[in-house]
>>> print(open('input.txt').read())   # compact mmCIF, C-alpha atoms and all ligand atoms
# COMPACT_ATOMS: atom_id res chain seq x y z
CA MET G 1 128.58 54.93 139.40
CA ASN G 2 126.56 53.38 136.59
CA PRO G 3 122.99 54.60 137.22
CA LYS G 4 121.69 51.33 135.78
CA ALA G 5 123.17 49.58 138.82
CA VAL G 6 120.59 51.24 141.06
CA ARG G 7 117.67 52.01 138.73
CA PRO G 8 115.66 49.60 136.62
CA ASP G 9 115.76 50.23 132.87
CA PRO G 10 113.29 52.99 132.04
CA LEU G 11 110.47 52.19 129.62
CA PRO G 12 111.17 53.08 125.99
CA GLY G 13 111.62 56.76 125.35
CA ARG G 14 113.55 59.19 127.46
CA VAL G 15 113.21 62.42 129.32
CA PRO G 16 114.33 65.20 127.00
CA GLY G 17 117.71 66.65 127.86
CA PRO G 18 118.37 70.37 128.24
CA GLY G 19 117.36 72.16 125.04
CA GLU G 20 115.32 69.17 123.79
CA ARG G 21 111.55 68.83 123.58
CA SER G 22 109.17 66.03 124.54
CA TRP G 23 106.79 64.25 122.19
CA ASN G 24 103.72 66.31 122.96
CA PHE G 25 100.34 64.65 122.35
CA GLY G 26 98.30 67.61 123.66
CA PRO G 27 94.90 68.23 122.04
CA GLY G 28 95.49 71.97 121.55
CA PRO G 29 97.53 73.89 122.48
CA ALA G 30 99.39 71.26 120.51
CA TYR G 31 102.76 70.26 119.19
CA LEU G 32 104.24 72.58 116.57
CA PRO G 33 106.94 71.59 114.07
CA ASP G 34 110.39 72.30 115.52
CA GLU G 35 111.41 74.42 112.52
CA VAL G 36 108.28 76.58 112.94
CA VAL G 37 109.02 77.20 116.60
CA ARG G 38 112.63 78.06 115.82
CA GLU G 39 111.64 80.51 113.10
CA ALA G 40 109.06 82.16 115.37
CA GLN G 41 111.67 82.45 118.11
CA GLU G 42 113.90 84.41 115.75
CA ALA G 43 111.00 86.55 114.41
CA LEU G 44 109.94 87.54 117.92
CA TRP G 45 113.32 89.17 118.20
CA ARG G 46 113.54 90.56 114.65
CA PHE G 47 111.02 90.28 111.81
CA GLY G 48 112.74 90.45 108.41
CA GLU G 49 114.52 93.73 107.86
CA THR G 50 112.13 95.76 110.01
CA GLY G 51 114.34 95.99 113.07
CA MET G 52 111.23 95.05 115.11
CA GLY G 53 109.90 91.85 116.57
CA VAL G 54 106.90 90.32 114.79
CA ALA G 55 104.66 90.92 117.83
CA GLU G 56 105.63 94.61 117.83
CA ILE G 57 104.92 95.57 114.24
CA SER G 58 101.69 97.43 113.32
CA HIS G 59 98.89 95.38 111.83
CA ARG G 60 98.57 98.20 109.23
CA ASP G 61 102.21 97.97 108.17
CA PRO G 62 102.37 96.96 104.47
CA LEU G 63 104.63 94.06 105.40
CA PHE G 64 102.07 92.71 107.83
CA LEU G 65 99.16 93.24 105.42
CA GLU G 66 101.15 91.31 102.86
CA LEU G 67 101.59 88.50 105.37
CA VAL G 68 97.83 88.21 105.95
CA GLU G 69 97.14 88.31 102.21
CA GLY G 70 99.72 85.60 101.69
CA LEU G 71 98.14 83.53 104.46
CA GLU G 72 94.72 83.79 102.82
CA ALA G 73 96.18 82.80 99.45
CA ARG G 74 97.90 79.78 100.98
CA VAL G 75 94.71 78.68 102.74
CA ARG G 76 92.80 78.97 99.46
CA ARG G 77 95.42 76.94 97.62
CA LEU G 78 95.67 74.26 100.29
CA LEU G 79 91.90 73.76 100.50
CA ALA G 80 91.03 74.56 96.85
CA LEU G 81 88.50 77.04 98.22
CA PRO G 82 86.20 78.60 95.60
CA ALA G 83 86.00 82.40 95.12
CA SER G 84 82.37 82.27 96.34
CA HIS G 85 83.71 81.90 99.89
CA ALA G 86 85.36 84.61 101.98
CA VAL G 87 88.18 83.76 104.38
CA LEU G 88 88.13 85.46 107.77
CA PHE G 89 90.59 85.38 110.64
CA MET G 90 88.94 86.23 113.93
CA ALA G 91 90.13 86.42 117.52
CA GLY G 92 88.54 84.37 120.27
CA GLY G 93 89.02 80.78 119.13
CA ALA G 94 86.31 78.44 117.94
CA ARG G 95 83.54 78.76 120.49
CA PRO G 96 82.25 82.24 119.55
CA HIS G 97 81.15 80.69 116.26
CA PHE G 98 78.74 78.40 118.08
CA SER G 99 76.72 81.64 118.50
CA LEU G 100 77.86 83.65 115.46
CA VAL G 101 76.86 80.92 113.00
CA PRO G 102 73.15 80.88 113.95
CA LEU G 103 73.16 84.66 114.23
CA ASN G 104 74.58 85.18 110.75
CA LEU G 105 73.20 82.21 108.81
CA SER G 106 69.73 81.90 110.29
CA LYS G 107 67.18 84.38 111.62
CA PRO G 108 67.60 85.25 115.28
CA ARG G 109 64.48 84.15 117.23
CA ARG G 110 62.68 82.82 114.12
CA GLY G 111 65.15 80.63 112.26
CA ARG G 112 65.17 76.83 112.17
CA THR G 113 68.37 74.87 112.06
CA ALA G 114 69.43 71.22 112.40
CA TYR G 115 72.29 69.81 114.45
CA ALA G 116 73.99 66.43 114.33
CA LEU G 117 75.03 65.57 117.88
CA THR G 118 78.09 63.36 117.69
CA GLY G 119 79.92 64.38 120.85
CA TYR G 120 80.87 67.06 123.33
CA TRP G 121 81.49 69.93 120.92
CA SER G 122 78.40 69.52 118.75
CA ARG G 123 76.22 69.31 121.89
CA LEU G 124 77.76 72.50 123.22
CA ALA G 125 77.35 74.20 119.83
CA ARG G 126 73.69 73.27 119.79
CA SER G 127 73.05 74.55 123.30
CA ASP G 128 74.75 77.87 122.46
CA ALA G 129 72.71 78.16 119.24
CA ALA G 130 69.44 77.28 121.00
CA VAL G 131 69.55 80.70 122.71
CA LEU G 132 69.13 82.32 119.29
CA VAL G 133 67.28 79.94 116.95
CA GLN G 134 65.33 76.71 116.89
CA THR G 135 67.64 73.73 116.79
CA GLU G 136 66.29 70.40 115.57
CA VAL G 137 68.31 67.27 116.28
CA ALA G 138 69.19 65.73 112.91
CA ALA G 139 71.04 62.78 114.39
CA GLU G 140 72.60 61.52 117.59
CA ILE G 141 75.66 59.38 118.07
CA LEU G 142 74.86 55.71 118.71
CA GLU G 143 76.25 55.24 122.20
CA GLY G 144 76.61 51.45 122.09
CA ASP G 145 79.73 49.38 121.93
CA PRO G 146 81.02 50.35 119.47
CA VAL G 147 80.09 54.02 119.41
CA ALA G 148 79.05 54.97 115.86
CA ILE G 149 77.75 57.84 113.74
CA PRO G 150 74.33 56.88 112.32
CA ASP G 151 74.11 56.69 108.52
CA PRO G 152 73.34 60.25 107.25
CA ALA G 153 70.88 58.75 104.73
CA ARG G 154 68.63 58.02 107.73
CA TRP G 155 68.96 61.31 109.56
CA ASN G 156 65.84 63.06 110.75
CA LEU G 157 65.52 66.08 108.43
CA ARG G 158 61.84 66.59 107.76
CA GLU G 159 61.48 70.33 108.36
CA PRO G 160 63.04 72.97 106.10
CA VAL G 161 66.07 74.38 107.88
CA ASP G 162 68.57 77.15 107.22
CA TYR G 163 71.56 74.86 107.62
CA LEU G 164 72.69 71.49 108.87
CA TYR G 165 75.47 71.79 111.46
CA TYR G 166 77.93 69.06 112.32
CA THR G 167 81.36 68.64 113.91
CA ASP G 168 83.70 66.98 111.44
CA ASN G 169 85.97 65.66 114.19
CA GLU G 170 84.95 65.42 117.84
CA SER G 171 88.28 65.88 119.59
CA ILE G 172 87.11 64.63 123.00
CA ASP G 173 85.07 61.63 121.87
CA GLY G 174 87.51 60.66 119.11
CA VAL G 175 84.77 60.47 116.47
CA GLU G 176 85.35 61.71 112.93
CA PHE G 177 83.26 61.80 109.77
CA GLY G 178 84.81 59.92 106.83
CA SER G 179 83.16 62.40 104.45
CA PRO G 180 80.75 65.34 104.85
CA PRO G 181 77.12 64.34 105.51
CA VAL G 182 75.64 65.78 102.32
CA VAL G 183 71.90 65.22 102.82
CA GLY G 184 68.93 66.58 100.93
CA GLY G 185 70.98 69.37 99.34
CA LEU G 186 71.03 71.23 102.68
CA PRO G 187 73.72 73.87 103.17
CA LEU G 188 76.30 72.45 105.53
CA VAL G 189 78.06 74.18 108.41
CA ALA G 190 81.06 72.37 109.83
CA ASP G 191 83.14 72.82 112.93
CA MET G 192 86.50 71.59 111.61
CA THR G 193 88.52 72.87 114.54
CA ALA G 194 90.16 69.54 115.19
CA ASN G 195 90.83 68.28 111.67
CA LEU G 196 90.98 71.18 109.20
CA PHE G 197 94.09 70.86 106.98
CA SER G 198 94.54 67.19 107.96
CA ARG G 199 93.17 66.04 104.58
CA PRO G 200 91.78 67.65 101.42
CA ILE G 201 88.11 68.69 101.49
CA PRO G 202 86.54 66.82 98.56
CA ASP G 203 84.06 69.56 97.58
CA PRO G 204 84.27 72.79 99.62
CA ASP G 205 81.27 74.12 97.72
CA VAL G 206 78.83 71.93 99.71
CA PHE G 207 79.57 74.12 102.74
CA ASP G 208 77.99 77.44 103.52
CA LEU G 209 80.47 77.80 106.33
CA ILE G 210 83.47 76.05 107.82
CA PHE G 211 85.16 77.32 110.95
CA ALA G 212 88.09 76.15 113.02
CA GLY G 213 90.11 77.24 116.00
CA ALA G 214 93.74 77.48 114.94
CA GLN G 215 95.30 75.56 117.82
CA LYS G 216 95.45 72.14 116.15
CA ASN G 217 96.82 72.43 112.61
CA LEU G 218 97.09 76.18 112.09
CA GLY G 219 99.24 77.38 114.92
CA ILE G 220 98.23 78.61 118.33
CA THR G 221 95.13 79.16 120.45
CA GLY G 222 92.94 82.23 120.30
CA LEU G 223 92.57 82.56 116.53
CA ALA G 224 89.78 81.14 114.37
CA ILE G 225 89.51 80.80 110.65
CA VAL G 226 86.07 81.12 109.06
CA MET G 227 85.30 80.31 105.44
CA VAL G 228 81.85 81.46 104.50
CA ARG G 229 79.83 81.61 101.30
CA LYS G 230 79.26 85.34 100.84
CA GLU G 231 75.78 84.82 99.39
CA ALA G 232 74.67 82.93 102.50
CA LEU G 233 75.01 86.18 104.49
CA ALA G 234 72.30 88.04 102.61
CA GLY G 235 69.92 88.33 105.61
CA SER G 236 69.74 91.58 107.58
CA LEU G 237 71.09 91.75 111.10
CA GLU G 238 69.89 95.25 111.86
CA GLY G 239 69.99 95.97 115.57
CA TRP G 240 72.85 93.55 116.23
CA PRO G 241 76.37 94.75 117.06
CA ARG G 242 78.55 95.09 113.97
CA TYR G 243 81.35 93.19 115.69
CA LEU G 244 79.14 90.08 115.59
CA GLN G 245 78.42 90.29 111.88
CA TYR G 246 80.53 88.28 109.45
CA ARG G 247 79.67 90.80 106.73
CA ASP G 248 81.52 93.51 108.60
CA TRP G 249 84.49 91.22 109.01
CA ILE G 250 84.52 90.60 105.27
CA ALA G 251 84.29 94.34 104.55
CA CYS G 252 87.19 95.09 106.93
CA ARG G 253 89.31 92.18 105.70
CA SER G 254 89.42 90.70 109.22
CA MET G 255 90.64 94.00 110.72
CA VAL G 256 87.48 95.12 112.52
CA ASN G 257 89.78 95.85 115.42
CA THR G 258 93.43 95.13 116.21
CA PRO G 259 93.88 91.49 115.21
CA PRO G 260 95.97 88.95 117.12
CA THR G 261 99.05 89.63 115.01
CA PHE G 262 101.35 86.99 116.47
CA ASN G 263 98.69 84.28 115.98
CA LEU G 264 98.32 85.34 112.35
CA TYR G 265 102.07 85.17 111.92
CA MET G 266 102.07 81.63 113.39
CA ALA G 267 99.18 80.61 111.12
CA ASP G 268 101.18 81.84 108.13
CA LEU G 269 104.23 79.84 109.22
CA MET G 270 102.05 76.73 109.56
CA ALA G 271 100.43 77.26 106.16
CA ARG G 272 103.90 77.64 104.61
CA TRP G 273 105.01 74.49 106.41
CA MET G 274 102.00 72.54 105.08
CA GLU G 275 102.79 73.65 101.53
CA LYS G 276 106.44 72.78 101.95
CA GLU G 277 105.54 69.31 103.21
CA GLY G 278 103.65 68.70 99.96
CA GLY G 279 100.08 69.81 100.71
CA LEU G 280 97.06 68.14 102.22
CA ALA G 281 97.09 64.88 100.22
CA VAL G 282 100.61 64.15 101.50
CA LEU G 283 99.68 65.11 105.07
CA ALA G 284 96.51 62.98 104.85
CA ALA G 285 98.52 59.89 103.90
CA ARG G 286 100.90 60.48 106.83
CA ASN G 287 97.99 61.06 109.20
CA ARG G 288 96.30 57.83 108.09
CA LYS G 289 99.47 55.88 108.72
CA LYS G 290 100.05 57.38 112.18
CA ALA G 291 96.47 56.71 113.24
CA ASP G 292 96.63 53.13 111.93
CA LEU G 293 99.78 52.50 113.98
CA LEU G 294 98.23 53.79 117.16
CA TYR G 295 94.87 52.04 116.78
CA ALA G 296 96.73 48.81 115.99
CA ALA G 297 98.70 49.15 119.23
CA ILE G 298 95.40 49.54 121.10
CA ASP G 299 93.49 46.79 119.27
CA GLN G 300 96.36 44.31 119.52
CA SER G 301 96.76 44.76 123.28
CA GLY G 302 94.28 41.96 124.07
CA GLY G 303 91.99 44.41 125.87
CA PHE G 304 94.69 46.01 128.05
CA TYR G 305 93.95 49.26 126.16
CA ARG G 306 90.54 49.95 124.64
CA ASN G 307 88.96 52.38 122.18
CA ARG G 308 85.20 51.96 121.79
CA VAL G 309 84.67 53.90 118.54
CA ALA G 310 83.64 51.93 115.43
CA PRO G 311 86.62 51.75 113.03
CA ALA G 312 84.76 53.62 110.25
CA CYS G 313 84.40 56.74 112.40
CA ARG G 314 87.53 56.67 114.51
CA SER G 315 89.29 60.00 114.61
CA ARG G 316 92.64 60.20 112.80
CA MET G 317 93.55 63.21 114.95
CA ASN G 318 92.50 62.40 118.52
CA VAL G 319 92.82 58.85 119.77
CA PRO G 320 91.11 58.34 123.13
CA PHE G 321 91.75 55.09 124.95
CA ARG G 322 91.30 53.57 128.38
CA LEU G 323 93.23 51.03 130.34
CA ALA G 324 91.13 47.99 131.24
CA ASP G 325 92.22 48.55 134.83
CA GLU G 326 91.44 52.26 135.13
CA ARG G 327 93.16 52.48 138.51
CA ARG G 328 96.43 52.25 136.61
CA THR G 329 95.74 55.38 134.53
CA PRO G 330 97.58 57.91 136.77
CA GLN G 331 100.61 55.63 136.95
CA PHE G 332 100.51 55.05 133.17
CA LEU G 333 100.43 58.80 132.54
CA GLU G 334 103.27 59.39 134.99
CA ALA G 335 105.39 56.66 133.37
CA ALA G 336 104.67 58.15 129.93
CA ARG G 337 105.82 61.56 131.16
CA GLY G 338 108.98 59.91 132.46
CA ALA G 339 109.56 58.53 128.97
CA GLY G 340 109.21 61.97 127.38
CA LEU G 341 105.63 61.42 126.15
CA VAL G 342 103.48 64.26 127.48
CA GLN G 343 99.89 65.60 127.58
CA ILE G 344 98.23 62.19 127.14
CA ALA G 345 95.54 62.61 129.82
CA GLY G 346 91.97 62.44 128.48
CA HIS G 347 89.70 65.51 128.57
CA HIS G 348 88.72 66.42 132.13
CA SER G 349 85.06 65.64 131.38
CA VAL G 350 85.74 61.99 130.48
CA GLY G 351 89.12 61.03 131.96
CA GLY G 352 91.11 58.13 130.53
CA CYS G 353 93.85 58.82 127.98
CA ARG G 354 93.98 60.56 124.65
CA ALA G 355 96.80 61.03 122.19
CA SER G 356 96.34 63.85 119.70
CA ILE G 357 98.36 63.38 116.55
CA TYR G 358 97.86 66.41 114.34
CA ASN G 359 99.89 67.18 111.21
CA ALA G 360 102.95 68.29 113.16
CA MET G 361 103.39 65.01 115.08
CA PRO G 362 105.92 62.91 113.17
CA GLU G 363 105.49 59.18 112.71
CA ALA G 364 108.54 58.72 114.94
CA GLY G 365 106.62 60.22 117.87
CA VAL G 366 103.68 57.89 117.33
CA ARG G 367 105.98 54.86 117.02
CA GLN G 368 107.62 55.86 120.29
CA LEU G 369 104.23 56.03 121.99
CA CYS G 370 103.18 52.63 120.59
CA GLU G 371 106.41 51.06 121.77
CA PHE G 372 105.97 52.62 125.19
CA MET G 373 102.41 51.28 125.44
CA ARG G 374 103.50 47.75 124.56
CA GLU G 375 106.37 47.87 127.03
CA TYR G 376 104.18 49.32 129.79
CA GLN G 377 101.73 46.47 129.27
CA ARG G 378 104.53 43.89 129.30
CA THR G 379 106.01 45.17 132.54
CA ALA G 380 102.68 45.91 134.24
CA GLY G 381 102.40 42.26 135.23
C1 LIG C 1 85.98 70.33 117.61
C2 LIG C 1 86.20 71.49 118.54
N1 LIG C 1 85.34 72.53 118.50
C3 LIG C 1 85.49 73.58 119.30
C4 LIG C 1 86.53 73.66 120.21
C5 LIG C 1 86.65 74.88 121.09
O1 LIG C 1 87.77 75.63 120.72
P1 LIG C 1 88.13 77.00 121.48
O2 LIG C 1 88.65 76.59 122.81
O3 LIG C 1 89.16 77.63 120.60
O4 LIG C 1 86.89 77.80 121.57
C6 LIG C 1 87.45 72.62 120.27
C7 LIG C 1 88.56 72.68 121.23
O5 LIG C 1 89.34 71.80 121.41
C8 LIG C 1 87.27 71.51 119.41
O6 LIG C 1 88.15 70.48 119.43
>>> encode(input="input.txt", output="structure tokens", more="lines below")
Ligand SMILES: Cc1ncc(COP(=O)(O)O)c(C=O)c1O
Amino acid sequence: MNPKAVRPDPLPGRVPGPGERSWNFGPGPAYLPDEVVREAQEALWRFGETGMGVAEISHRDPLFLELVEGLEARVRRLLALPASHAVLFMAGGARPHFSLVPLNLSKPRRGRTAYALTGYWSRLARSDAAVLVQTEVAAEILEGDPVAIPDPARWNLREPVDYLYYTDNESIDGVEFGSPPVVGGLPLVADMTANLFSRPIPDPDVFDLIFAGAQKNLGITGLAIVMVRKEALAGSLEGWPRYLQYRDWIACRSMVNTPPTFNLYMADLMARWMEKEGGLAVLAARNRKKADLLYAAIDQSGGFYRNRVAPACRSRMNVPFRLADERRTPQFLEAARGAGLVQIAGHHSVGGCRASIYNAMPEAGVRQLCEFMREYQRTAG
């Protein structure tokens, strides 16, 4: 029997068949390029000529050490990182650095720092840091309609501080800086978890430290990359555990203890993939186009879908949106799943919807989502 005789036409898109994958708009863990997943699948079984799987080989094996060196070199090339900055790979994801940054770049219990509060992650970073140092508020997001980042030229930075901390892309709020807030020559610290490698960094030298969890553009959860100006770590941290000191991590070349070897392997595959795709300028142009397509679908829906962020600071990576009739949201998400478009629910703290479109998401996936959204609206009555 023709199934169409009994079922209405599904909305655009389709449930992936056996062996196929959905378009995955998850915020992290996030979509990985198919070829990367395939290569990792093979390497889990057998890594090069070693006769071992990549998750089974010693982190001290010359082949593995070479891999980590190669990863660092690729990261340096991709970001044009100056030699003044060390590159660290640390287990535990991004959040530990909310505490490690004030510990290592300020003076525990005496230091003064400044935080720009532009969303969920910067607020959490500030509250973690406040246990260790004084944290001034340099700026707060303007919560109107639209939501906007206040002009850095007018930020409140009267007191001398050890660093100015900000979150380059707020993955829950969908707010992103167009360029780093270089103010008063202050050393910058940036959480770039949700947009590192999505575009070139114009001048990495303005940063004392950049950190990022790997789960968006550099592979899988549980690994963080830290790029820190070595000179900024001159202060003594006597009495604090060595494991918490970036200087020790630099001295041990990120091998203070057994590192998460599979995550490092995945990061290396992703860095190779980014180079193969043409580097960050190429990826940035693709990311701009994908974001423009999706925001256009929202803005041209006549209010059926809404994003409240001012266009100048809309995230190119995480696109949160709400349906005007919020009661429809569960049904919308279910229909999307049925069309092979998954992980579009908003963060549990805010609800609504959110599509994350990191480097690995092809334009075809975004076009499919836009088409689905238009068709859902048309058939929603
Ligand atoms: C901007 C930002 N900072 C920090 C985090 C926390 O990352 P983790 O869960 O690896 O600690 C996230 C997670 O999504 C994030 O998007």
>>> closest_atom_pairs(input="input.txt", of="chain G", to="ligand LIG 1 (chain C)", cutoff="9 Å", atoms="only C-alpha atoms and all ligand atoms", output="JSON lines")
{"residue": "G:Pro27", "atom": "CA", "partner": "C:LIG1", "partner_atom": "O5", "distance": 6.6}
{"residue": "G:Gly28", "atom": "CA", "partner": "C:LIG1", "partner_atom": "O5", "distance": 6.2}
{"residue": "G:Pro29", "atom": "CA", "partner": "C:LIG1", "partner_atom": "O5", "distance": 8.5}
{"residue": "G:Gly92", "atom": "CA", "partner": "C:LIG1", "partner_atom": "O3", "distance": 6.8}
{"residue": "G:Gly93", "atom": "CA", "partner": "C:LIG1", "partner_atom": "O3", "distance": 3.5}
{"residue": "G:Ala94", "atom": "CA", "partner": "C:LIG1", "partner_atom": "O4", "distance": 3.7}
{"residue": "G:Arg95", "atom": "CA", "partner": "C:LIG1", "partner_atom": "O4", "distance": 3.6}
{"residue": "G:Pro96", "atom": "CA", "partner": "C:LIG1", "partner_atom": "O4", "distance": 6.7}
{"residue": "G:His97", "atom": "CA", "partner": "C:LIG1", "partner_atom": "O4", "distance": 8.3}
{"residue": "G:Phe98", "atom": "CA", "partner": "C:LIG1", "partner_atom": "C3", "distance": 8.4}
{"residue": "G:Tyr120", "atom": "CA", "partner": "C:LIG1", "partner_atom": "C1", "distance": 8.3}
{"residue": "G:Trp121", "atom": "CA", "partner": "C:LIG1", "partner_atom": "N1", "distance": 5.2}
{"residue": "G:Ser122", "atom": "CA", "partner": "C:LIG1", "partner_atom": "N1", "distance": 7.6}
{"residue": "G:Leu124", "atom": "CA", "partner": "C:LIG1", "partner_atom": "C3", "distance": 8.7}
{"residue": "G:Ala125", "atom": "CA", "partner": "C:LIG1", "partner_atom": "C3", "distance": 8.2}
{"residue": "G:Thr167", "atom": "CA", "partner": "C:LIG1", "partner_atom": "C1", "distance": 6.2}
{"residue": "G:Asp168", "atom": "CA", "partner": "C:LIG1", "partner_atom": "C1", "distance": 7.4}
{"residue": "G:Asn169", "atom": "CA", "partner": "C:LIG1", "partner_atom": "C1", "distance": 5.8}
{"residue": "G:Glu170", "atom": "CA", "partner": "C:LIG1", "partner_atom": "C1", "distance": 5.0}
{"residue": "G:Ser171", "atom": "CA", "partner": "C:LIG1", "partner_atom": "O6", "distance": 4.6}
{"residue": "G:Ile172", "atom": "CA", "partner": "C:LIG1", "partner_atom": "O6", "distance": 6.9}
{"residue": "G:Asp191", "atom": "CA", "partner": "C:LIG1", "partner_atom": "N1", "distance": 6.0}
{"residue": "G:Met192", "atom": "CA", "partner": "C:LIG1", "partner_atom": "C1", "distance": 6.2}
{"residue": "G:Thr193", "atom": "CA", "partner": "C:LIG1", "partner_atom": "C1", "distance": 4.7}
{"residue": "G:Ala194", "atom": "CA", "partner": "C:LIG1", "partner_atom": "O6", "distance": 4.8}
{"residue": "G:Asn195", "atom": "CA", "partner": "C:LIG1", "partner_atom": "C1", "distance": 7.9}
{"residue": "G:Phe211", "atom": "CA", "partner": "C:LIG1", "partner_atom": "N1", "distance": 8.9}
{"residue": "G:Ala212", "atom": "CA", "partner": "C:LIG1", "partner_atom": "N1", "distance": 7.1}
{"residue": "G:Gly213", "atom": "CA", "partner": "C:LIG1", "partner_atom": "O3", "distance": 4.7}
{"residue": "G:Ala214", "atom": "CA", "partner": "C:LIG1", "partner_atom": "O3", "distance": 7.3}
{"residue": "G:Gln215", "atom": "CA", "partner": "C:LIG1", "partner_atom": "O3", "distance": 7.1}
{"residue": "G:Lys216", "atom": "CA", "partner": "C:LIG1", "partner_atom": "O5", "distance": 8.1}
{"residue": "G:Thr221", "atom": "CA", "partner": "C:LIG1", "partner_atom": "O3", "distance": 6.2}
{"residue": "G:Gly222", "atom": "CA", "partner": "C:LIG1", "partner_atom": "O3", "distance": 6.0}
{"residue": "G:Leu223", "atom": "CA", "partner": "C:LIG1", "partner_atom": "O3", "distance": 7.2}
{"residue": "G:Ala224", "atom": "CA", "partner": "C:LIG1", "partner_atom": "O3", "distance": 7.2}
>>> atom_distance(input="input.txt", atom1="atom CA of G:Leu209", atom2="atom CA of G:Gly26")
26.9 Å
>>> closest_residue(input="input.txt", among="G:Leu63, G:Pro260, G:Val161, G:Arg199", to="G:Gly185", atoms="all atoms listed in the file")
G:Val161
>>> closest_residue(input="input.txt", among="G:Arg327, G:Val68, G:Trp273, G:Tyr295", to="G:Arg367", atoms="all atoms listed in the file")
G:Tyr295
>>> residues_around(input="input.txt", residues="G:Thr261", least_positions_apart="2", cutoff="8 Å", atoms="only C-alpha atoms", output="PyMOL selection string")
chain G and resi 54-55+59+258-259+263-265
>>> residues_around(input="input.txt", residues="G:Gln41", least_positions_apart="4", cutoff="12 Å", atoms="all atoms listed in the file", output="mmCIF file with C-alpha atoms, in the coordinates of the input")
data_model
loop_
_atom_site.group_PDB
_atom_site.id
_atom_site.type_symbol
_atom_site.label_atom_id
_atom_site.label_comp_id
_atom_site.auth_asym_id
_atom_site.auth_seq_id
_atom_site.Cartn_x
_atom_site.Cartn_y
_atom_site.Cartn_z
ATOM 1 C CA ASP G 34 110.390 72.300 115.520
ATOM 2 C CA GLU G 35 111.410 74.420 112.520
ATOM 3 C CA VAL G 36 108.280 76.580 112.940
ATOM 4 C CA VAL G 37 109.020 77.200 116.600
ATOM 5 C CA TRP G 45 113.320 89.170 118.200
ATOM 6 C CA ARG G 46 113.540 90.560 114.650
ATOM 7 C CA PHE G 47 111.020 90.280 111.810
ATOM 8 C CA GLY G 53 109.900 91.850 116.570
ATOM 9 C CA VAL G 54 106.900 90.320 114.790
ATOM 10 C CA ALA G 55 104.660 90.920 117.830
ATOM 11 C CA PHE G 262 101.350 86.990 116.470
ATOM 12 C CA TYR G 265 102.070 85.170 111.920
ATOM 13 C CA MET G 266 102.070 81.630 113.390
ATOM 14 C CA LEU G 269 104.230 79.840 109.220
#
>>> closest_residue(input="input.txt", among="G:Tyr115, G:Phe177, G:Phe64, G:Phe332", to="G:Arg314", atoms="all atoms listed in the file")
G:Phe177
>>> closest_residue(input="input.txt", among="G:Leu244, G:Val206, G:Val133, G:Ala30", to="G:Asn359", atoms="all atoms listed in the file")
G:Ala30
>>> atom_distance(input="input.txt", atom1="atom CA of G:Glu277", atom2="atom CA of G:Ala73")
16.8 Å
>>> residues_around(input="input.txt", residues="stretch 15-24 of chain G", least_positions_apart="4", cutoff="10 Å", atoms="only C-alpha atoms", output="PyMOL selection string")
chain G and resi 10+29-32+34+336-344+355-357+361-362+364-366+368-369
>>> residues_near_point(input="input.txt", point="(70.2, 56.3, 110.6)", cutoff="10 Å", atoms="all atoms listed in the file", output="PyMOL selection string")
chain G and resi 138-142+149-156
